[in-house]
Amino acid sequence: MRGGGPLSTAVAIVSRMPAQGFEARLERLVETTFGRLFRSGLQPAEFGRKLRRAMDDHKVVSAAGRVVVANRFDFSVSTADAESLEGMEGTLRRELAELARGHARDEGYAFVGPVEVTLDTDAGVPRGTIDLEARIVEGPGALPPGSLLLPTGDRVPLGEYEVTLGRNDDCTVILADPNVSRQHAVVRPDGEGYVVVDRGSTNGTKVNGARITEHHLVPGDVVQLGNTVVRFEAS
(Lines give C-alpha, C1' and ligand atoms only; values in the text may rest on other atoms or scores of the structure.)
Protein backbone atom coordinates (compact mmCIF):
# COMPACT_ATOMS: atom_id res chain seq x y z
CA MET A 1 0.00 0.00 0.00
CA ARG A 2 2.87 2.39 0.65
CA GLY A 3 3.44 4.58 -2.36
CA GLY A 4 0.20 3.43 -3.97
CA GLY A 5 -2.88 5.42 -4.86
CA PRO A 6 -5.00 7.27 -2.33
CA LEU A 7 -7.50 5.38 -0.23
CA SER A 8 -9.79 8.28 0.54
CA THR A 9 -10.26 12.02 0.54
CA ALA A 10 -11.99 13.48 3.57
CA VAL A 11 -12.48 16.70 5.49
CA ALA A 12 -14.81 16.55 8.48
CA ILE A 13 -14.99 15.89 12.18
CA VAL A 14 -15.47 12.37 13.51
CA SER A 15 -17.02 12.55 16.95
CA ARG A 16 -17.04 9.80 19.55
CA MET A 17 -20.06 7.61 18.95
CA PRO A 18 -22.54 7.26 21.81
CA ALA A 19 -22.59 3.87 23.48
CA GLN A 20 -25.28 1.53 22.21
CA GLY A 21 -26.26 -1.97 23.24
CA PHE A 22 -26.15 -4.78 20.71
CA GLU A 23 -29.93 -5.14 20.53
CA ALA A 24 -30.33 -1.39 19.94
CA ARG A 25 -27.86 -1.52 17.05
CA LEU A 26 -29.55 -4.59 15.61
CA GLU A 27 -33.01 -3.06 15.88
CA ARG A 28 -31.81 0.04 14.04
CA LEU A 29 -30.35 -2.10 11.25
CA VAL A 30 -33.49 -4.19 10.93
CA GLU A 31 -35.61 -1.05 10.63
CA THR A 32 -33.30 0.60 8.09
CA THR A 33 -30.66 -1.26 6.10
CA PHE A 34 -31.81 -4.83 6.70
CA GLY A 35 -35.43 -3.88 6.15
CA ARG A 36 -34.57 -2.70 2.64
CA LEU A 37 -32.40 -5.70 1.87
CA PHE A 38 -34.56 -8.64 2.82
CA ARG A 39 -37.28 -9.83 0.48
CA SER A 40 -37.16 -13.53 1.32
CA GLY A 41 -38.11 -15.79 4.21
CA LEU A 42 -34.88 -14.99 6.03
CA GLN A 43 -35.14 -13.29 9.39
CA PRO A 44 -32.65 -10.39 9.17
CA ALA A 45 -32.11 -10.16 12.92
CA GLU A 46 -30.97 -13.79 12.97
CA PHE A 47 -27.75 -12.88 11.11
CA GLY A 48 -26.81 -10.52 13.91
CA ARG A 49 -27.86 -12.82 16.73
CA LYS A 50 -25.93 -15.77 15.30
CA LEU A 51 -22.87 -13.55 15.05
CA ARG A 52 -23.22 -12.45 18.68
CA ARG A 53 -23.71 -16.03 19.93
CA ALA A 54 -20.61 -17.13 18.06
CA MET A 55 -18.60 -14.42 19.81
CA ASP A 56 -20.08 -14.99 23.27
CA ASP A 57 -20.04 -18.79 23.29
CA HIS A 58 -16.51 -19.42 22.02
CA LYS A 59 -14.28 -17.04 23.94
CA VAL A 60 -10.59 -17.77 24.50
CA VAL A 61 -8.45 -16.15 27.19
CA SER A 62 -4.99 -15.29 25.86
CA ALA A 63 -1.73 -15.54 27.80
CA ALA A 64 -1.95 -11.77 28.31
CA GLY A 65 -5.38 -12.17 29.90
CA ARG A 66 -7.36 -10.76 26.97
CA VAL A 67 -10.68 -12.32 26.03
CA VAL A 68 -10.24 -13.20 22.35
CA VAL A 69 -13.25 -13.92 20.12
CA ALA A 70 -13.92 -14.88 16.51
CA ASN A 71 -13.14 -12.31 13.84
CA ARG A 72 -13.94 -14.38 10.72
CA PHE A 73 -17.65 -15.07 10.08
CA ASP A 74 -18.67 -17.26 7.12
CA PHE A 75 -22.44 -17.22 6.56
CA SER A 76 -24.20 -19.65 4.22
CA VAL A 77 -27.75 -19.39 2.87
CA SER A 78 -29.86 -21.32 0.36
CA THR A 79 -29.64 -20.69 -3.36
CA ALA A 80 -33.09 -19.07 -3.39
CA ASP A 81 -32.25 -16.77 -0.47
CA ALA A 82 -28.94 -15.83 -2.07
CA GLU A 83 -30.78 -14.79 -5.23
CA SER A 84 -33.04 -12.50 -3.20
CA LEU A 85 -29.95 -10.80 -1.74
CA GLU A 86 -28.17 -10.36 -5.07
CA GLY A 87 -26.45 -6.99 -5.28
CA MET A 88 -26.86 -6.37 -1.55
CA GLU A 89 -24.15 -8.68 -0.20
CA GLY A 90 -21.57 -5.94 0.27
CA THR A 91 -23.86 -3.82 2.43
CA LEU A 92 -24.87 -6.83 4.51
CA ARG A 93 -21.25 -7.85 5.11
CA ARG A 94 -20.23 -4.32 6.13
CA GLU A 95 -23.14 -3.92 8.55
CA LEU A 96 -22.48 -7.29 10.17
CA ALA A 97 -18.78 -6.45 10.56
CA GLU A 98 -19.74 -3.21 12.31
CA LEU A 99 -22.06 -5.18 14.62
CA ALA A 100 -19.15 -7.45 15.55
CA ARG A 101 -16.88 -4.49 16.26
CA GLY A 102 -19.50 -2.76 18.36
CA HIS A 103 -20.21 -5.90 20.41
CA ALA A 104 -16.49 -6.39 21.02
CA ARG A 105 -16.21 -2.82 22.30
CA ASP A 106 -19.23 -3.28 24.58
CA GLU A 107 -17.94 -6.50 26.10
CA GLY A 108 -14.22 -5.75 26.17
CA TYR A 109 -13.43 -8.53 23.70
CA ALA A 110 -10.25 -8.56 21.60
CA PHE A 111 -9.63 -9.66 18.02
CA VAL A 112 -6.33 -11.09 16.78
CA GLY A 113 -7.01 -10.14 13.16
CA PRO A 114 -9.26 -7.92 11.08
CA VAL A 115 -13.01 -8.58 11.14
CA GLU A 116 -14.14 -10.34 7.97
CA VAL A 117 -17.64 -11.45 6.96
CA THR A 118 -18.44 -13.65 3.95
CA LEU A 119 -21.80 -14.69 2.50
CA ASP A 120 -21.91 -17.88 0.43
CA THR A 121 -24.52 -20.08 -1.23
CA ASP A 122 -24.96 -23.67 -0.04
CA ALA A 123 -27.46 -25.95 -1.73
CA GLY A 124 -27.64 -27.99 1.47
CA VAL A 125 -28.98 -25.09 3.54
CA PRO A 126 -32.82 -25.03 3.69
CA ARG A 127 -34.56 -21.89 2.52
CA GLY A 128 -35.06 -19.37 5.32
CA THR A 129 -32.14 -20.85 7.29
CA ILE A 130 -28.75 -19.28 8.04
CA ASP A 131 -25.60 -21.30 8.76
CA LEU A 132 -22.53 -19.70 10.32
CA GLU A 133 -18.95 -20.84 10.78
CA ALA A 134 -17.01 -18.48 13.04
CA ARG A 135 -13.25 -18.66 13.54
CA ILE A 136 -10.38 -16.84 15.20
CA VAL A 137 -7.98 -15.88 12.40
CA GLU A 138 -4.67 -14.13 13.09
CA GLY A 139 -3.80 -11.04 11.08
CA PRO A 140 -0.80 -10.75 8.71
CA GLY A 141 2.55 -10.77 10.48
CA ALA A 142 0.81 -11.63 13.77
CA LEU A 143 0.13 -7.91 14.24
CA PRO A 144 -2.98 -6.94 16.21
CA PRO A 145 -5.89 -5.64 14.17
CA GLY A 146 -6.18 -1.89 13.74
CA SER A 147 -7.85 0.59 11.44
CA LEU A 148 -8.40 4.30 10.93
CA LEU A 149 -12.04 5.38 10.64
CA LEU A 150 -12.24 8.35 8.26
CA PRO A 151 -14.87 11.10 8.22
CA THR A 152 -16.28 9.57 5.03
CA GLY A 153 -17.04 6.34 6.88
CA ASP A 154 -14.23 4.55 5.02
CA ARG A 155 -12.04 2.28 7.10
CA VAL A 156 -8.28 2.13 6.41
CA PRO A 157 -6.82 -1.17 7.66
CA LEU A 158 -3.42 -1.07 9.33
CA GLY A 159 -0.76 -3.75 9.06
CA GLU A 160 2.86 -4.27 8.07
CA TYR A 161 3.16 -0.96 6.26
CA GLU A 162 3.08 2.75 6.91
CA VAL A 163 -0.05 4.78 6.26
CA THR A 164 0.78 8.38 5.39
CA LEU A 165 -1.75 11.18 5.80
CA GLY A 166 -1.54 14.59 4.17
CA ARG A 167 -2.44 16.74 1.15
CA ASN A 168 0.12 15.27 -1.25
CA ASP A 169 -1.14 13.02 -4.00
CA ASP A 170 1.34 10.31 -2.98
CA CYS A 171 -0.07 10.00 0.55
CA THR A 172 -1.94 6.81 1.41
CA VAL A 173 -4.83 8.94 2.69
CA ILE A 174 -5.23 12.30 0.95
CA LEU A 175 -6.88 14.95 3.12
CA ALA A 176 -8.35 17.89 1.19
CA ASP A 177 -7.96 20.21 4.15
CA PRO A 178 -5.97 23.46 3.73
CA ASN A 179 -4.89 23.22 7.38
CA VAL A 180 -3.22 19.86 6.76
CA SER A 181 0.42 19.77 5.62
CA ARG A 182 1.50 18.02 2.45
CA GLN A 183 3.10 15.20 4.47
CA HIS A 184 1.36 15.68 7.80
CA ALA A 185 1.64 12.43 9.76
CA VAL A 186 2.26 8.71 9.49
CA VAL A 187 0.77 5.70 11.29
CA ARG A 188 3.07 2.68 11.45
CA PRO A 189 3.36 -0.66 13.27
CA ASP A 190 5.43 -0.58 16.43
CA GLY A 191 5.96 -3.62 18.61
CA GLU A 192 2.53 -4.94 19.59
CA GLY A 193 0.53 -2.05 18.17
CA TYR A 194 0.63 1.15 16.14
CA VAL A 195 1.98 4.65 16.61
CA VAL A 196 1.08 7.95 14.98
CA VAL A 197 4.03 10.26 14.28
CA ASP A 198 3.80 13.93 13.31
CA ARG A 199 6.06 14.76 10.35
CA GLY A 200 6.87 18.31 11.38
CA SER A 201 3.51 19.60 10.18
CA THR A 202 2.73 23.31 10.32
CA ASN A 203 -0.34 23.00 12.53
CA GLY A 204 0.68 19.89 14.43
CA THR A 205 -1.06 16.63 15.20
CA LYS A 206 -3.31 16.13 18.22
CA VAL A 207 -4.52 12.98 19.93
CA ASN A 208 -7.56 13.38 22.16
CA GLY A 209 -6.98 17.14 22.15
CA ALA A 210 -3.29 17.07 23.16
CA ARG A 211 -0.53 17.95 20.70
CA ILE A 212 1.90 15.07 20.11
CA THR A 213 5.14 14.27 18.34
CA GLU A 214 4.67 10.50 18.63
CA HIS A 215 1.87 8.59 20.30
CA HIS A 216 1.12 4.89 20.82
CA LEU A 217 -2.47 4.43 19.72
CA VAL A 218 -5.12 2.79 21.88
CA PRO A 219 -8.69 1.96 20.80
CA GLY A 220 -10.91 5.03 20.63
CA ASP A 221 -8.07 7.54 20.22
CA VAL A 222 -9.19 10.56 18.19
CA VAL A 223 -6.42 11.94 15.96
CA GLN A 224 -6.78 15.50 14.65
CA LEU A 225 -4.86 16.81 11.65
CA GLY A 226 -5.83 20.39 10.80
CA ASN A 227 -9.63 20.41 10.85
CA THR A 228 -9.85 16.71 10.01
CA VAL A 229 -10.36 14.07 12.66
CA VAL A 230 -9.96 10.29 12.32
CA ARG A 231 -10.48 7.61 14.96
CA PHE A 232 -8.28 4.63 15.70
CA GLU A 233 -10.08 1.34 16.30
CA ALA A 234 -8.57 -2.02 17.20
CA SER A 235 -10.50 -3.97 14.58
# chains A, B, ... in the order shown; residues from 1 in each chain; ligands from 1
$ residues_around --residues "range 99-107 of chain A" --least-positions-apart "3" --cutoff "10 Å" --atoms "only C-alpha atoms" --output "VMD selection string"
chain A and resid 19 to 23 25 to 26 29 48 to 49 51 to 52 55 to 56 67 to 73 93 to 96 110 to 111 114 to 117 219 to 220 233 to 235
$ residues_around --residues "range 203-218 of chain A" --least-positions-apart "3" --cutoff "12 Å" --atoms "only C-alpha atoms" --output "PyMOL selection string"
chain A and resi 14-16+144-148+158+165-166+177-200+221-235
$ atom_distance --atom1 "CA of Ala24 in chain A" --atom2 "CA of Glu98 in chain A"
13.2 Å
$ closest_residue --among "A:Glu27, A:Tyr161, A:Ala45, A:Val61" --to "Pro140 in chain A" --atoms "only C-alpha atoms"
A:Tyr161
$ atom_distance --atom1 "CA of Lys59 in chain A" --atom2 "CA of Ala142 in chain A"
19.0 Å
$ select_by_dssp --residues "range 8-189 of chain A" --states "strand (DSSP E)" --output "number ranges by chain"
A: 60-61, 67-68, 72-77, 116-121, 131-135, 147-149, 155-157, 163-166, 173-174, 185-189
$ atom_distance --atom1 "CA of Thr79 in chain A" --atom2 "CA of Thr118 in chain A"
15.1 Å
$ closest_residue --among "A:Leu175, A:Ala63, A:Ser201, A:Asp120" --to "Gly90 in chain A" --atoms "only C-alpha atoms"
A:Asp120
